[in-house]
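Undergrad: I am sharing my_file35.txt, which consists of compact mmCIF, C-alpha atoms:
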```
# COMPACT_ATOMS: atom_id res chain seq x y z
CA MET A 562 0.00 0.00 0.00
CA ILE A 563 1.31 3.46 -0.93
CA ILE A 564 0.28 6.40 1.28
CA ASP A 565 0.89 9.99 0.23
CA VAL A 566 2.45 11.65 3.28
CA LYS A 567 3.01 15.33 2.61
CA GLY A 568 3.72 14.69 -1.05
CA GLN A 569 6.00 11.67 -0.48
CA ALA A 570 5.04 8.10 -1.40
CA ILE A 571 5.38 5.97 1.73
CA TYR A 572 5.08 2.19 1.58
CA ALA A 573 3.13 0.27 4.20
CA TYR A 574 2.70 -3.50 4.15
CA THR A 575 -0.85 -4.40 5.15
CA GLY A 576 -0.49 -8.13 5.68
CA GLY A 577 -2.38 -8.81 2.47
CA ARG A 578 -5.64 -7.33 3.75
CA ALA A 579 -7.50 -4.18 2.79
CA HIS A 580 -8.24 -1.52 5.39
CA VAL A 581 -11.47 -2.28 7.24
CA PRO A 582 -13.25 0.73 8.77
CA GLY A 583 -13.93 0.22 12.45
CA GLN A 584 -11.05 -2.17 13.04
CA PRO A 585 -8.17 -1.10 15.26
CA THR A 586 -4.93 -0.16 13.51
CA VAL A 587 -1.35 -1.08 14.39
CA VAL A 588 1.69 0.70 12.95
CA MET A 589 4.90 -1.36 12.93
CA ILE A 590 8.23 0.51 12.82
CA HIS A 591 11.50 -1.17 11.89
CA GLY A 592 15.01 -0.47 13.17
CA VAL A 593 18.27 0.61 11.57
CA LEU A 594 19.00 -0.96 8.17
CA ASN A 595 15.74 -2.93 8.20
CA ASP A 596 12.38 -2.56 6.48
CA HIS A 597 8.76 -3.70 6.83
CA SER A 598 9.67 -7.34 6.13
CA VAL A 599 11.13 -7.92 9.60
CA TRP A 600 7.55 -8.06 10.92
CA ILE A 601 6.35 -10.66 8.42
CA LEU A 602 4.91 -13.23 10.85
CA GLN A 603 3.44 -10.75 13.32
CA SER A 604 2.02 -8.38 10.68
CA ARG A 605 0.29 -11.14 8.72
CA TYR A 606 -1.23 -12.69 11.82
CA LEU A 607 -2.63 -9.40 13.09
CA ALA A 608 -3.94 -8.46 9.65
CA HIS A 609 -5.89 -11.72 9.50
CA HIS A 610 -7.18 -11.46 13.07
CA GLY A 611 -9.02 -8.17 13.33
CA TRP A 612 -6.36 -5.48 12.86
CA ASN A 613 -5.56 -3.01 10.14
CA VAL A 614 -1.78 -3.23 9.74
CA LEU A 615 0.64 -0.59 8.49
CA ALA A 616 4.13 -2.11 8.61
CA ILE A 617 6.06 0.77 7.14
CA ASP A 618 9.30 1.42 5.36
CA LEU A 619 10.57 4.60 6.98
CA PRO A 620 11.11 7.52 4.57
CA GLY A 621 14.18 7.08 2.41
CA HIS A 622 14.22 3.32 3.02
CA CYS A 623 13.49 0.70 0.33
CA LYS A 624 10.01 1.29 -1.08
CA SER A 625 9.42 4.65 0.63
CA ALA A 626 10.39 7.98 -0.88
CA GLY A 627 11.34 11.07 1.06
CA GLU A 628 14.26 12.13 3.20
CA ALA A 629 15.53 9.48 5.63
CA PRO A 630 14.99 10.71 9.22
CA SER A 631 18.14 11.99 10.89
CA SER A 632 16.71 11.88 14.43
CA VAL A 633 14.13 10.11 16.54
CA SER A 634 12.25 13.40 16.72
CA GLU A 635 11.96 13.64 12.92
CA ALA A 636 10.81 10.05 12.65
CA ALA A 637 8.22 10.52 15.41
CA ALA A 638 6.82 13.57 13.64
CA PHE A 639 6.55 11.45 10.50
CA VAL A 640 4.44 8.88 12.38
CA GLY A 641 1.92 11.59 13.23
CA ASP A 642 1.87 12.73 9.60
CA LEU A 643 1.39 9.12 8.48
CA LEU A 644 -1.66 8.66 10.70
CA ASP A 645 -3.14 11.90 9.39
CA ALA A 646 -2.52 10.91 5.77
CA ALA A 647 -3.99 7.44 6.29
CA GLY A 648 -7.06 8.84 8.03
CA VAL A 649 -6.29 6.88 11.22
CA GLU A 650 -7.52 8.58 14.37
CA HIS A 651 -6.22 6.00 16.87
CA ALA A 652 -3.47 3.39 16.53
CA ALA A 653 -1.16 1.09 18.42
CA LEU A 654 2.56 1.54 17.77
CA VAL A 655 5.03 -1.35 17.68
CA GLY A 656 8.71 -0.55 17.20
CA HIS A 657 11.93 -2.53 17.14
CA SER A 658 15.31 -1.14 18.29
CA TRP A 659 15.55 2.35 16.73
CA GLY A 660 11.88 1.89 15.89
CA SER A 661 11.14 1.40 19.60
CA LEU A 662 12.51 4.88 20.34
CA ILE A 663 10.44 6.29 17.47
CA ALA A 664 7.32 4.56 18.84
CA LEU A 665 8.04 5.86 22.35
CA GLU A 666 8.55 9.46 21.20
CA ALA A 667 5.55 9.37 18.87
CA ALA A 668 3.31 7.96 21.61
CA ALA A 669 4.43 10.73 23.97
CA ARG A 670 3.60 13.37 21.37
CA LEU A 671 0.34 11.94 20.11
CA LYS A 672 -1.10 11.22 23.56
CA GLU A 673 -4.61 9.73 23.39
CA ARG A 674 -4.29 8.95 19.68
CA ILE A 675 -2.06 6.02 20.66
CA SER A 676 -3.81 3.08 22.32
CA HIS A 677 -0.74 0.89 23.01
CA ALA A 678 3.02 1.17 22.66
CA VAL A 679 5.20 -1.92 22.19
CA LEU A 680 8.97 -1.50 22.56
CA VAL A 681 10.85 -4.49 21.14
CA GLY A 682 14.59 -4.75 21.78
CA THR A 683 14.66 -1.32 23.38
CA ALA A 684 17.19 0.56 25.49
CA PHE A 685 17.76 4.01 26.87
CA PRO A 686 20.12 5.57 26.33
CA MET A 687 20.61 3.62 23.10
CA LYS A 688 24.29 4.38 22.75
CA VAL A 689 26.23 3.04 19.78
CA SER A 690 29.98 2.55 20.10
CA PRO A 691 32.03 5.25 18.32
CA ALA A 692 33.88 2.51 16.45
CA LEU A 693 30.63 1.10 15.06
CA ILE A 694 29.34 4.53 14.10
CA GLU A 695 32.60 5.25 12.28
CA THR A 696 32.62 1.86 10.56
CA SER A 697 29.00 2.23 9.44
CA LEU A 698 30.07 5.39 7.62
CA ASN A 699 33.43 4.38 6.16
CA ASP A 700 33.21 0.59 5.82
CA PRO A 701 29.51 -0.33 5.95
CA GLU A 702 30.09 -3.90 4.71
CA LYS A 703 32.32 -4.56 7.72
CA ALA A 704 29.78 -2.93 10.01
CA ILE A 705 27.02 -5.13 8.58
CA ARG A 706 29.06 -8.21 9.47
CA MET A 707 29.61 -6.82 12.97
CA ILE A 708 25.98 -6.14 13.74
CA ASN A 709 24.85 -9.50 12.42
CA VAL A 710 27.20 -11.24 14.84
CA PHE A 711 26.14 -9.03 17.76
CA SER A 712 22.44 -9.11 16.89
CA ARG A 713 22.02 -12.86 16.79
CA ALA A 714 22.05 -15.31 19.65
CA THR A 715 22.70 -18.05 17.10
CA LEU A 716 23.50 -18.22 13.39
CA ALA A 717 20.57 -20.56 12.77
CA ALA A 718 17.08 -19.80 13.99
CA PRO A 719 14.48 -22.34 15.14
CA PRO A 720 12.46 -23.82 12.24
CA SER A 721 9.43 -21.72 13.17
CA ALA A 722 11.20 -18.47 12.30
CA LEU A 723 10.87 -18.25 8.54
CA GLY A 724 10.59 -21.90 7.63
CA PRO A 725 12.84 -24.96 7.88
CA GLY A 726 16.39 -24.33 6.78
CA THR A 727 16.26 -20.57 7.25
CA TRP A 728 19.69 -19.01 7.67
CA VAL A 729 18.88 -15.91 9.69
CA TYR A 730 22.42 -14.55 9.61
CA GLY A 731 22.63 -14.70 5.83
CA ALA A 732 19.06 -13.51 5.32
CA ASN A 733 19.53 -10.48 7.53
CA THR A 734 22.90 -9.67 5.96
CA ALA A 735 21.20 -9.63 2.56
CA LEU A 736 18.41 -7.43 3.92
CA ASN A 737 20.90 -4.96 5.40
CA ARG A 738 22.73 -4.68 2.09
CA ARG A 739 19.48 -4.17 0.20
CA VAL A 740 18.29 -1.43 2.57
CA LEU A 741 21.65 0.35 2.43
CA ARG A 742 21.70 0.29 -1.37
CA SER A 743 18.08 1.41 -1.64
CA ASN A 744 19.13 5.00 -0.92
CA PRO A 745 22.14 6.08 -3.01
CA LYS A 746 21.98 9.63 -1.64
CA VAL A 747 22.15 8.94 2.09
CA ASN A 748 23.95 6.34 4.19
CA VAL A 749 20.87 5.28 6.17
CA PHE A 750 23.03 2.90 8.23
CA HIS A 751 25.17 5.69 9.69
CA ARG A 752 22.26 8.12 9.91
CA GLY A 753 20.14 5.64 11.87
CA PHE A 754 22.93 4.84 14.31
CA VAL A 755 23.56 8.54 14.97
CA ALA A 756 19.83 9.03 15.57
CA CYS A 757 19.81 6.23 18.17
CA ASP A 758 22.97 7.45 19.85
CA SER A 759 21.83 11.07 20.12
CA TYR A 760 18.27 10.53 21.40
CA ASP A 761 18.04 12.00 24.89
CA ARG A 762 14.32 12.23 25.62
CA GLY A 763 13.56 8.66 26.60
CA LEU A 764 12.77 9.23 30.27
CA GLN A 765 10.75 12.38 29.57
CA ALA A 766 8.82 10.62 26.81
CA MET A 767 8.00 7.71 29.10
CA ALA A 768 6.69 10.14 31.72
CA GLU A 769 4.42 11.75 29.11
CA LEU A 770 2.74 8.55 27.91
CA THR A 771 -1.01 8.13 28.29
CA CYS A 772 -1.11 4.54 26.97
CA PRO A 773 0.08 1.19 28.34
CA VAL A 774 3.52 -0.05 27.30
CA LEU A 775 4.82 -3.54 26.57
CA PHE A 776 8.56 -4.25 26.68
CA VAL A 777 9.64 -7.28 24.63
CA LEU A 778 13.26 -8.02 25.55
CA GLY A 779 15.64 -10.70 24.31
CA ALA A 780 17.25 -12.83 27.00
CA GLN A 781 20.44 -13.15 24.93
CA ASP A 782 20.29 -9.74 23.24
CA GLN A 783 23.80 -8.27 23.01
CA MET A 784 22.76 -5.09 21.16
CA THR A 785 20.12 -3.94 23.64
CA PRO A 786 20.41 -6.31 26.63
CA PRO A 787 17.49 -6.40 29.08
CA LYS A 788 19.44 -4.38 31.65
CA ALA A 789 19.65 -1.51 29.15
CA ALA A 790 15.86 -1.06 29.38
CA GLN A 791 15.87 -0.62 33.14
CA SER A 792 15.90 3.18 33.05
CA LEU A 793 12.72 3.19 30.96
CA LEU A 794 11.11 0.65 33.24
CA GLY A 795 12.05 2.78 36.25
CA ALA A 796 10.48 5.84 34.61
CA ALA A 797 7.30 3.89 33.86
CA ARG A 798 7.05 2.82 37.51
CA GLU A 799 7.83 6.31 38.80
CA HIS A 800 5.16 7.97 36.69
CA GLY A 801 2.47 5.32 37.01
CA VAL A 802 2.56 4.20 33.37
CA ARG A 803 0.91 0.82 33.04
CA HIS A 804 3.48 -1.54 31.65
CA GLU A 805 4.35 -5.18 31.12
CA VAL A 806 7.63 -6.95 30.45
CA VAL A 807 8.03 -10.11 28.39
CA THR A 808 11.46 -11.67 28.00
CA VAL A 809 11.75 -13.96 25.00
CA PRO A 810 14.59 -16.38 24.17
CA MET A 811 17.39 -15.57 21.79
CA GLY A 812 18.83 -12.24 20.68
CA HIS A 813 18.13 -8.77 19.28
CA HIS A 814 15.94 -9.82 16.35
CA GLN A 815 13.08 -11.02 18.51
CA MET A 816 10.62 -11.02 15.60
CA ASN A 817 12.36 -13.86 13.76
CA GLU A 818 14.64 -15.37 16.39
CA SER A 819 11.73 -15.81 18.81
CA PRO A 820 8.80 -15.28 16.43
CA GLU A 821 6.12 -17.30 18.18
CA GLU A 822 6.92 -15.87 21.61
CA THR A 823 6.99 -12.33 20.25
CA LEU A 824 3.67 -12.82 18.48
CA ALA A 825 2.09 -14.30 21.60
CA ALA A 826 3.21 -11.27 23.64
CA LEU A 827 1.73 -8.88 21.04
CA LYS A 828 -1.55 -10.78 20.84
CA ARG A 829 -2.03 -10.80 24.60
CA PHE A 830 -1.11 -7.14 25.10
CA LEU A 831 -2.99 -5.64 22.17
CA THR A 832 -6.22 -7.47 22.99
CA ALA A 833 -6.14 -6.98 26.77
```
Would you kindly transcribe this structure into structure tokens?

TA:
Amino acid sequence: MIIDVKGQAIYAYTGGRAHVPGQPTVVMIHGVLNDHSVWILQSRYLAHHGWNVLAIDLPGHCKSAGEAPSSVSEAAAFVGDLLDAAGVEHAALVGHSWGSLIALEAAARLKERISHAVLVGTAFPMKVSPALIETSLNDPEKAIRMINVFSRATLAAPPSALGPGTWVYGANTALNRRVLRSNPKVNVFHRGFVACDSYDRGLQAMAELTCPVLFVLGAQDQMTPPKAAQSLLGAAREHGVRHEVVTVPMGHHQMNESPEETLAALKRFLTA
């Protein structure tokens, strides 16, 4: 599905279903050097079980036109513009990694327009090592290899991930390369990492939420380990934000390393 957002063609995967008036809507936001496809199991299930799904490619990524966001703030503003353009008054936001910060900031800004916020593989602050930031700019192929080692708890996922024989390391490496090459004008790898590293409003955003929050954390996540989410959890407790925590097996790519567990957590939270 193509949505015109302020004159830019933005792609949203709908799970193969047309928009149904009256159904709740969920917006799914990918992380650095990813696209809508990382949500394939979860987006298709929700689309076929009572939800309108908009699993987006962020601007300047893959099938979406426009300028790639250079900050969490820019990306959060885009989410509000997307909802306006799609004619969606209320939505749930689900974000992974960088996308979790975008979902958090957008939910804080949009207040009652957001029914639920799901932060998958989140952390605050989401600092990126200077060496990785530099490598993402000057030797992105090397950086892709680095993040695929750090992001995965294993080089081979369980059969339920994307089918028997799936090689998640190779599949994600190919995806990263495709996303990077989709924008010849901007290094979206480096830009996304800088956006994560520089975001400083996490605790304030959590305090401003009016919706419940689900944290989906990976037990073996080396990129955003569960302990890195503790400041956000503390802010949620301090400010009385209703929240839940689900820890799934495996690493940073919860959606296809622990797909069934991640889907179960989404189903339970979004329908509660």

Undergrad: Work out how far apart CA of Val689 (chain A) and CA of His591 (chain A) are and give it in Å to one decimal.

TA: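 Result for CA of Val689 (chain A) versus CA of His591 (chain A): 17.2 Å, one decimal.
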
Undergrad: Name the closest residue to Ile663 (chain A) among the candidates A:Leu619, A:Leu778, A:Ala692, A:Val802; distances are taken between atoms, counting all atoms listed in the file.

TA: A:Leu619

Undergrad: Could you name the residues that touch Ala789 (chain A) at 12 Å or less, counting all atoms listed in the file, but leaving out those on the same chain fewer than 2 positions away, as a PyMOL selection string?

TA: chain A and resi 658+682-688+776+778-780+782-787+791-795

Undergrad: Tell me, as a PyMOL selection string, which residues lie within 7 Å of Leu824 (chain A), counting all atoms listed in the file; anything in the same chain fewer than 4 positions away does not count.

TA: chain A and resi 603+820+828

Undergrad: In Å, how far is it from CA of Ala646 (chain A) to CA of Val679 (chain A)?

TA: 22.2 Å

Undergrad: Tell me, as a ChimeraX atom specification, which residues lie within 10 Å of region 748-764 of chain A, counting all atoms listed in the file; anything in the same chain fewer than 5 positions away does not count.

TA: /A:592-595,621-622,628-636,658-660,662-663,665-666,669,684-691,693-699,701,704-705,737-738,740-743,769,792-797

Undergrad: Keeping only C-alpha atoms, write those residues as a CSV table (one decimal), in the frame of the given file.

TA:
```csv
chain,number,residue,atom,x,y,z
A,592,GLY,CA,15.0,-0.5,13.2
A,593,VAL,CA,18.3,0.6,11.6
A,594,LEU,CA,19.0,-1.0,8.2
A,595,ASN,CA,15.7,-2.9,8.2
A,621,GLY,CA,14.2,7.1,2.4
A,622,HIS,CA,14.2,3.3,3.0
A,628,GLU,CA,14.3,12.1,3.2
A,629,ALA,CA,15.5,9.5,5.6
A,630,PRO,CA,15.0,10.7,9.2
A,631,SER,CA,18.1,12.0,10.9
A,632,SER,CA,16.7,11.9,14.4
A,633,VAL,CA,14.1,10.1,16.5
A,634,SER,CA,12.2,13.4,16.7
A,635,GLU,CA,12.0,13.6,12.9
A,636,ALA,CA,10.8,10.0,12.6
A,658,SER,CA,15.3,-1.1,18.3
A,659,TRP,CA,15.6,2.4,16.7
A,660,GLY,CA,11.9,1.9,15.9
A,662,LEU,CA,12.5,4.9,20.3
A,663,ILE,CA,10.4,6.3,17.5
A,665,LEU,CA,8.0,5.9,22.4
A,666,GLU,CA,8.6,9.5,21.2
A,669,ALA,CA,4.4,10.7,24.0
A,684,ALA,CA,17.2,0.6,25.5
A,685,PHE,CA,17.8,4.0,26.9
A,686,PRO,CA,20.1,5.6,26.3
A,687,MET,CA,20.6,3.6,23.1
A,688,LYS,CA,24.3,4.4,22.8
A,689,VAL,CA,26.2,3.0,19.8
A,690,SER,CA,30.0,2.6,20.1
A,691,PRO,CA,32.0,5.2,18.3
A,693,LEU,CA,30.6,1.1,15.1
A,694,ILE,CA,29.3,4.5,14.1
A,695,GLU,CA,32.6,5.2,12.3
A,696,THR,CA,32.6,1.9,10.6
A,697,SER,CA,29.0,2.2,9.4
A,698,LEU,CA,30.1,5.4,7.6
A,699,ASN,CA,33.4,4.4,6.2
A,701,PRO,CA,29.5,-0.3,6.0
A,704,ALA,CA,29.8,-2.9,10.0
A,705,ILE,CA,27.0,-5.1,8.6
A,737,ASN,CA,20.9,-5.0,5.4
A,738,ARG,CA,22.7,-4.7,2.1
A,740,VAL,CA,18.3,-1.4,2.6
A,741,LEU,CA,21.6,0.4,2.4
A,742,ARG,CA,21.7,0.3,-1.4
A,743,SER,CA,18.1,1.4,-1.6
A,769,GLU,CA,4.4,11.8,29.1
A,792,SER,CA,15.9,3.2,33.0
A,793,LEU,CA,12.7,3.2,31.0
A,794,LEU,CA,11.1,0.6,33.2
A,795,GLY,CA,12.0,2.8,36.2
A,796,ALA,CA,10.5,5.8,34.6
A,797,ALA,CA,7.3,3.9,33.9
```

Undergrad: Taking only C-alpha atoms into account, name the residue in A:Lys788, A:Arg803, A:Arg670, A:Arg829 that is nearest to Gln765 (chain A).

TA: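 The closest residue to Gln765 (chain A) is A:Arg670.
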
Undergrad: Just give me the gap between CA of Met562 (chain A) and CA of Ile601 (chain A) in Å, one decimal is fine.

TA: 15.0 Å

Undergrad: Quick one: of A:Arg578, A:Ser625, A:Gly641, A:Ala573, who's nearest to Gly611 (chain A), counting only C-alpha atoms?

TA: A:Arg578
